[in-house]
Each structure stands twice: as structure tokens, then as C-alpha cells.
Amino acid sequence: MNTIDTQHGAALATAGWTVVPNLIHSELISSLVEALPASLARRDEIRQRNGVSENSAGTLHHLLMDDACYVELLAELSTLEPLFKAYFNGNFILNSYGGVINERDTRSYVQNVHRDIRFGSDTRRFMLNALVMLDDFTLENGATHVLGHSQNTEQPPCDEAFYAEASRATGKRGTVLLFDSRMWHATGRNTTDAPRRALTLTFTSPFFKPQLDYARLFGYSNFNRSSAWMKQVLGFNARVPESLDEFYVPVEQRFYQRGQD
């Protein structure tokens with residue numbers, strides 16, 4: 001890793017979080033912002049139809065194939081591969097690909113103090129959050145609250161202690177917030193009249209089940225023209241064979257490749 005990667009890696013290992021400024025270029029951020037409203041409308045319609053819309057205002061899940069810009073964003077995150085590999089001490093895959101549109105007076109579950117994985121280990125890390133800021137994150141528009149050094153604290157802090165001690169992850173649009181998924185955090189309250197938007201991705205060890213079958217969603221037909229990063233992060237190297245014919249193949253053709261531990 002270079003010096004910058006080493007600094008971010010050290011911050012993740014100690015405080016449990018770090019901010020990588022200006023990682024995503026402005027044109028892509030603008031495309032993502034433009035794509036979000038249609039993505040939200042699609043999910044709101046499904047949630048309403050299925051009776052699961054309560055406490056979910058402005059939240060989006062599994063955005064990958066809604067628009068080409070979401071795929072491009074995942075490809076752009078390849079610059080973080082050395083940092084991710086150091087964090088996991090090995091390979092990793094995409095576990096979830098979501099987003100949040102935080103507006104004044106809205107309420108959703110992400111505003112509760114929570115963490116995104118309920119267990120951990122002293123010897124290895126299983127999950128990492130990557131939040132891509134699509135707007136400037138400020139104290140006024142709901143910058144994320146992060147409780148540094150809390151990744152080894154199993155019991156949730158009371159709200160009073162959390163908000164008294166937590167830091168705020170501020171930054172310019174295009175900045176990426178990375179944090180250990182065991183860390184206690186909460187979306188901030190937006191007190192402005194403008195939306196505060198973000199994409200929220202999580203990555204896990206390859207043997208974890210992703211929240212959606214991203215390899216199948218992306219399409220097996222796209223495998224051969226994908227980069228090594230995309231093949232790995234989308235889970236193409238950690239699939240489960242469906243038949244004996246898929247199981248009994250040369251090593252280089254196996255669905256579940258070596259090094260996916």
C-alpha cells in the first residue's frame with residue numbers, strides 16, 4: 001500500500017473509521033444524483049404494494065443494475081482495493097449496494113443508533129462499510145454520527161452517551177467514508193431544505209452470503225468482459241456450483257476459486 005492507504009488502514013484498525021476525500025469524480029456524482037429519484041420511486045412502489053413501507057423513507061436497496069452509473073461507481077472503487085485487502089487480510093465481495101436520501105423531517109431506521117454486523121472477532125474482520133457522499137456532508141444536513149473505537153463494544157450505547165461522544169463524518173461530494181461495520185453509528189438529522197444523498201455499500205469476506213445474488217443480477221453473460229476487480233467484488237469467484245458438471249471442472253474454471261476465505 002502507498003502512504004495514504006497505510007494512513008487510512010491505520011485509522012480503520014484503531015478508531016474504526018476514516019474519510020477518503022474527493023475519490024469519485026464530479027461527473028459520475030452528478031449522474032448518480034440524477035438516477036436516484038427513479039430508483040427510489042421504483043422501490044417505494046414495491047414496498048407499498050408489499051406492505052413494508054413503514055420507517056423506510058428515503059432508503060434504497062440493491063441499486064447495482066438500475067442504471068449504468070451504479071456499475072461505474074462500483075468499478076471506480078477499485079482504487080481502494082489495496083486498502084480493502086489489508087482490512088480483510090484477503091479477498092472480499094460486495095454484500096449490499098444501497099442508498100439514502102436524507103431530507104428534512106423524514107424518519108427511517110438508519111437514523112437509529114445501530115451497527116451493521118452483530119458479531120465480530122479479535123483475529124479478523126468480516127465486514128466493511130463504504131458510504132459515498134453525493135452531496136456535501138455538513139453538520140446541518142445530517143452528516144453521519146460515528147462513535148470511534150466502538151467496534152469492540154458489543155452493547156449499544158445509550159443515545160445520550162452516543163450523541164455526546166460521537167464524531168461527525170463531514171466531507172465534500174465525492175468523498176468516501178469507510179468504517180468497520182461493528183462500529184456504532186447513525187444517520188444525522190437534516191435541518192436544511194435540501195436533500196443530503198449518499199450511496200451505502202458494504203463488503204464482506206467472500207464466504208458470507210450477499211444480501212442479493214449480485215453475480216446473477218449483473219449477468220453471467222457479462223463475466224468474460226469484466227475486470228478482475230468486478231469479477232471478484234460481484235462474487236463471481238465465490239459462487240456455488242449447481243450440478244456435478246459444474247463441480248467437476250479444471251481448477252481455473254471452478255465457481256468457487258481458491259483464496260475466497
# chains A, B, ... in the order shown; residues from 1 in each chain; ligands from 1
>>> closest_atom_pairs(of="stretch 80-155 of chain A", to="stretch 23-41 of chain A", cutoff="10 Å", atoms="only C-alpha atoms", output="JSON lines")
{"residue": "A:Leu80", "atom": "CA", "partner": "A:Leu23", "partner_atom": "CA", "distance": 9.4}
{"residue": "A:Gly99", "atom": "CA", "partner": "A:Leu36", "partner_atom": "CA", "distance": 8.3}
{"residue": "A:Val100", "atom": "CA", "partner": "A:Leu40", "partner_atom": "CA", "distance": 9.2}
{"residue": "A:Ile101", "atom": "CA", "partner": "A:Leu36", "partner_atom": "CA", "distance": 8.4}
{"residue": "A:Val132", "atom": "CA", "partner": "A:Ile24", "partner_atom": "CA", "distance": 8.2}
{"residue": "A:Met133", "atom": "CA", "partner": "A:Ile29", "partner_atom": "CA", "distance": 8.5}
{"residue": "A:Leu134", "atom": "CA", "partner": "A:Ile29", "partner_atom": "CA", "distance": 5.9}
{"residue": "A:Asp135", "atom": "CA", "partner": "A:Ile29", "partner_atom": "CA", "distance": 8.5}
>>> closest_atom_pairs(of="stretch 98-158 of chain A", to="stretch 165-173 of chain A", cutoff="12 Å", atoms="only C-alpha atoms", output="CSV")
residue,atom,partner,partner_atom,distance
A:Val113,CA,A:Ala166,CA,10.7
A:Leu131,CA,A:Ala169,CA,10.1
A:Val132,CA,A:Arg173,CA,8.0
A:Met133,CA,A:Arg173,CA,5.0
A:Leu134,CA,A:Arg173,CA,4.9
A:Asp135,CA,A:Arg173,CA,4.5
A:Asp136,CA,A:Lys172,CA,4.3
A:Phe137,CA,A:Thr170,CA,4.7
A:Thr138,CA,A:Thr170,CA,5.3
A:Leu139,CA,A:Thr170,CA,7.1
A:Glu140,CA,A:Thr170,CA,10.2
A:Asn141,CA,A:Thr170,CA,9.9
A:Gly142,CA,A:Arg168,CA,8.9
A:Ala143,CA,A:Thr170,CA,5.6
A:Thr144,CA,A:Ala169,CA,5.3
A:His145,CA,A:Arg168,CA,4.7
A:Val146,CA,A:Ala166,CA,5.3
A:Leu147,CA,A:Ala166,CA,4.3
A:Gly148,CA,A:Ala166,CA,6.7
A:His149,CA,A:Ala166,CA,9.9
A:Ser150,CA,A:Ala166,CA,9.7
A:Pro157,CA,A:Glu165,CA,10.1
A:Cys158,CA,A:Glu165,CA,10.9
>>> residues_around(residues="A:Ser227", least_positions_apart="3", cutoff="12 Å", atoms="only C-alpha atoms", output="list in words")
Glu72, Leu74, Ala75, Glu76, Ser78, Asn222, Phe223, Asn224, Met230, Lys231, Gln232, Val233, Leu234 and Phe236 of chain A
>>> residues_around(residues="A:Asp44", least_positions_apart="5", cutoff="9 Å", atoms="only C-alpha atoms", output="list in words")
Ser39, Arg49, Ser53, Ser56, Ala57, Gly58, Thr59 and Leu60 of chain A
>>> write_last_selection(atoms="C-alpha atoms", output="short mmCIF file (atom, residue, chain, number, x, y, z; two decimals), in the first residue's frame")
data_model
loop_
_atom_site.label_atom_id
_atom_site.label_comp_id
_atom_site.auth_asym_id
_atom_site.auth_seq_id
_atom_site.Cartn_x
_atom_site.Cartn_y
_atom_site.Cartn_z
CA SER A 39 -34.64 4.26 -8.23
CA ARG A 49 -47.52 -2.94 -2.74
CA SER A 53 -43.02 0.80 3.66
CA SER A 56 -38.11 3.39 5.35
CA ALA A 57 -38.36 6.94 3.98
CA GLY A 58 -35.57 7.72 1.53
CA THR A 59 -33.86 4.32 1.77
CA LEU A 60 -32.87 2.33 -1.32
#
>>> residues_around(residues="stretch 11-19 of chain A", least_positions_apart="2", cutoff="7 Å", atoms="only C-alpha atoms", output="ChimeraX atom specification")
/A:7-9,21,148-149,151,176-180,183
>>> select_by_dssp(residues="stretch 33-188 of chain A", states="helix (DSSP H, G or I)", output="number ranges by chain")
A: 33-50, 68-88, 109-111, 159-165
>>> atom_distance(atom1="atom CA of A:Tyr97", atom2="atom CA of A:Phe208")
14.9 Å
>>> residues_around(residues="A:Ile117", least_positions_apart="4", cutoff="8 Å", atoms="only C-alpha atoms", output="list in words")
Met127, Ser181 and Arg182 of chain A
>>> select_by_dssp(residues="stretch 185-251 of chain A", states="strand (DSSP E)", output="list in words")
His185, Ala186, Arg196, Arg197, Ala198, Leu199, Thr200, Leu201, Thr202, Phe203 and Thr204 of chain A
>>> write_last_selection(atoms="N, CA and C atoms", output="PDB file, in the first residue's frame")
ATOM      1  N   HIS A 185     -23.119   3.711  14.863  1.00  0.00           N
ATOM      2  CA  HIS A 185     -23.261   4.914  14.044  1.00  0.00           C
ATOM      3  C   HIS A 185     -24.739   5.206  13.828  1.00  0.00           C
ATOM      4  N   ALA A 186     -25.021   6.376  13.256  1.00  0.00           N
ATOM      5  CA  ALA A 186     -26.398   6.768  12.970  1.00  0.00           C
ATOM      6  C   ALA A 186     -26.392   7.884  11.933  1.00  0.00           C
ATOM      7  N   ARG A 196     -29.864  15.458   1.464  1.00  0.00           N
ATOM      8  CA  ARG A 196     -28.483  15.008   1.656  1.00  0.00           C
ATOM      9  C   ARG A 196     -28.430  13.545   1.245  1.00  0.00           C
ATOM     10  N   ARG A 197     -27.755  13.269   0.116  1.00  0.00           N
ATOM     11  CA  ARG A 197     -27.814  11.962  -0.523  1.00  0.00           C
ATOM     12  C   ARG A 197     -26.488  11.225  -0.407  1.00  0.00           C
ATOM     13  N   ALA A 198     -26.595   9.899  -0.348  1.00  0.00           N
ATOM     14  CA  ALA A 198     -25.401   9.069  -0.250  1.00  0.00           C
ATOM     15  C   ALA A 198     -25.699   7.686  -0.801  1.00  0.00           C
ATOM     16  N   LEU A 199     -24.658   7.013  -1.273  1.00  0.00           N
ATOM     17  CA  LEU A 199     -24.733   5.589  -1.559  1.00  0.00           C
ATOM     18  C   LEU A 199     -24.072   4.850  -0.407  1.00  0.00           C
ATOM     19  N   THR A 200     -24.651   3.724  -0.029  1.00  0.00           N
ATOM     20  CA  THR A 200     -24.161   2.971   1.121  1.00  0.00           C
ATOM     21  C   THR A 200     -23.893   1.535   0.690  1.00  0.00           C
ATOM     22  N   LEU A 201     -22.621   1.193   0.576  1.00  0.00           N
ATOM     23  CA  LEU A 201     -22.214  -0.139   0.167  1.00  0.00           C
ATOM     24  C   LEU A 201     -21.549  -0.853   1.335  1.00  0.00           C
ATOM     25  N   THR A 202     -21.725  -2.164   1.397  1.00  0.00           N
ATOM     26  CA  THR A 202     -20.989  -2.951   2.373  1.00  0.00           C
ATOM     27  C   THR A 202     -20.256  -4.076   1.652  1.00  0.00           C
ATOM     28  N   PHE A 203     -19.125  -4.469   2.223  1.00  0.00           N
ATOM     29  CA  PHE A 203     -18.292  -5.540   1.678  1.00  0.00           C
ATOM     30  C   PHE A 203     -18.026  -6.541   2.792  1.00  0.00           C
ATOM     31  N   THR A 204     -17.974  -7.823   2.437  1.00  0.00           N
ATOM     32  CA  THR A 204     -17.753  -8.861   3.432  1.00  0.00           C
ATOM     33  C   THR A 204     -16.726  -9.867   2.924  1.00  0.00           C
TER      34      THR A 204
END
>>> atom_distance(atom1="atom CA of A:Gly120", atom2="atom CA of A:Leu83")
19.5 Å
>>> closest_residue(among="A:Arg239, A:Arg115, A:Arg216, A:Arg104", to="A:Trp184", atoms="only C-alpha atoms")
A:Arg115
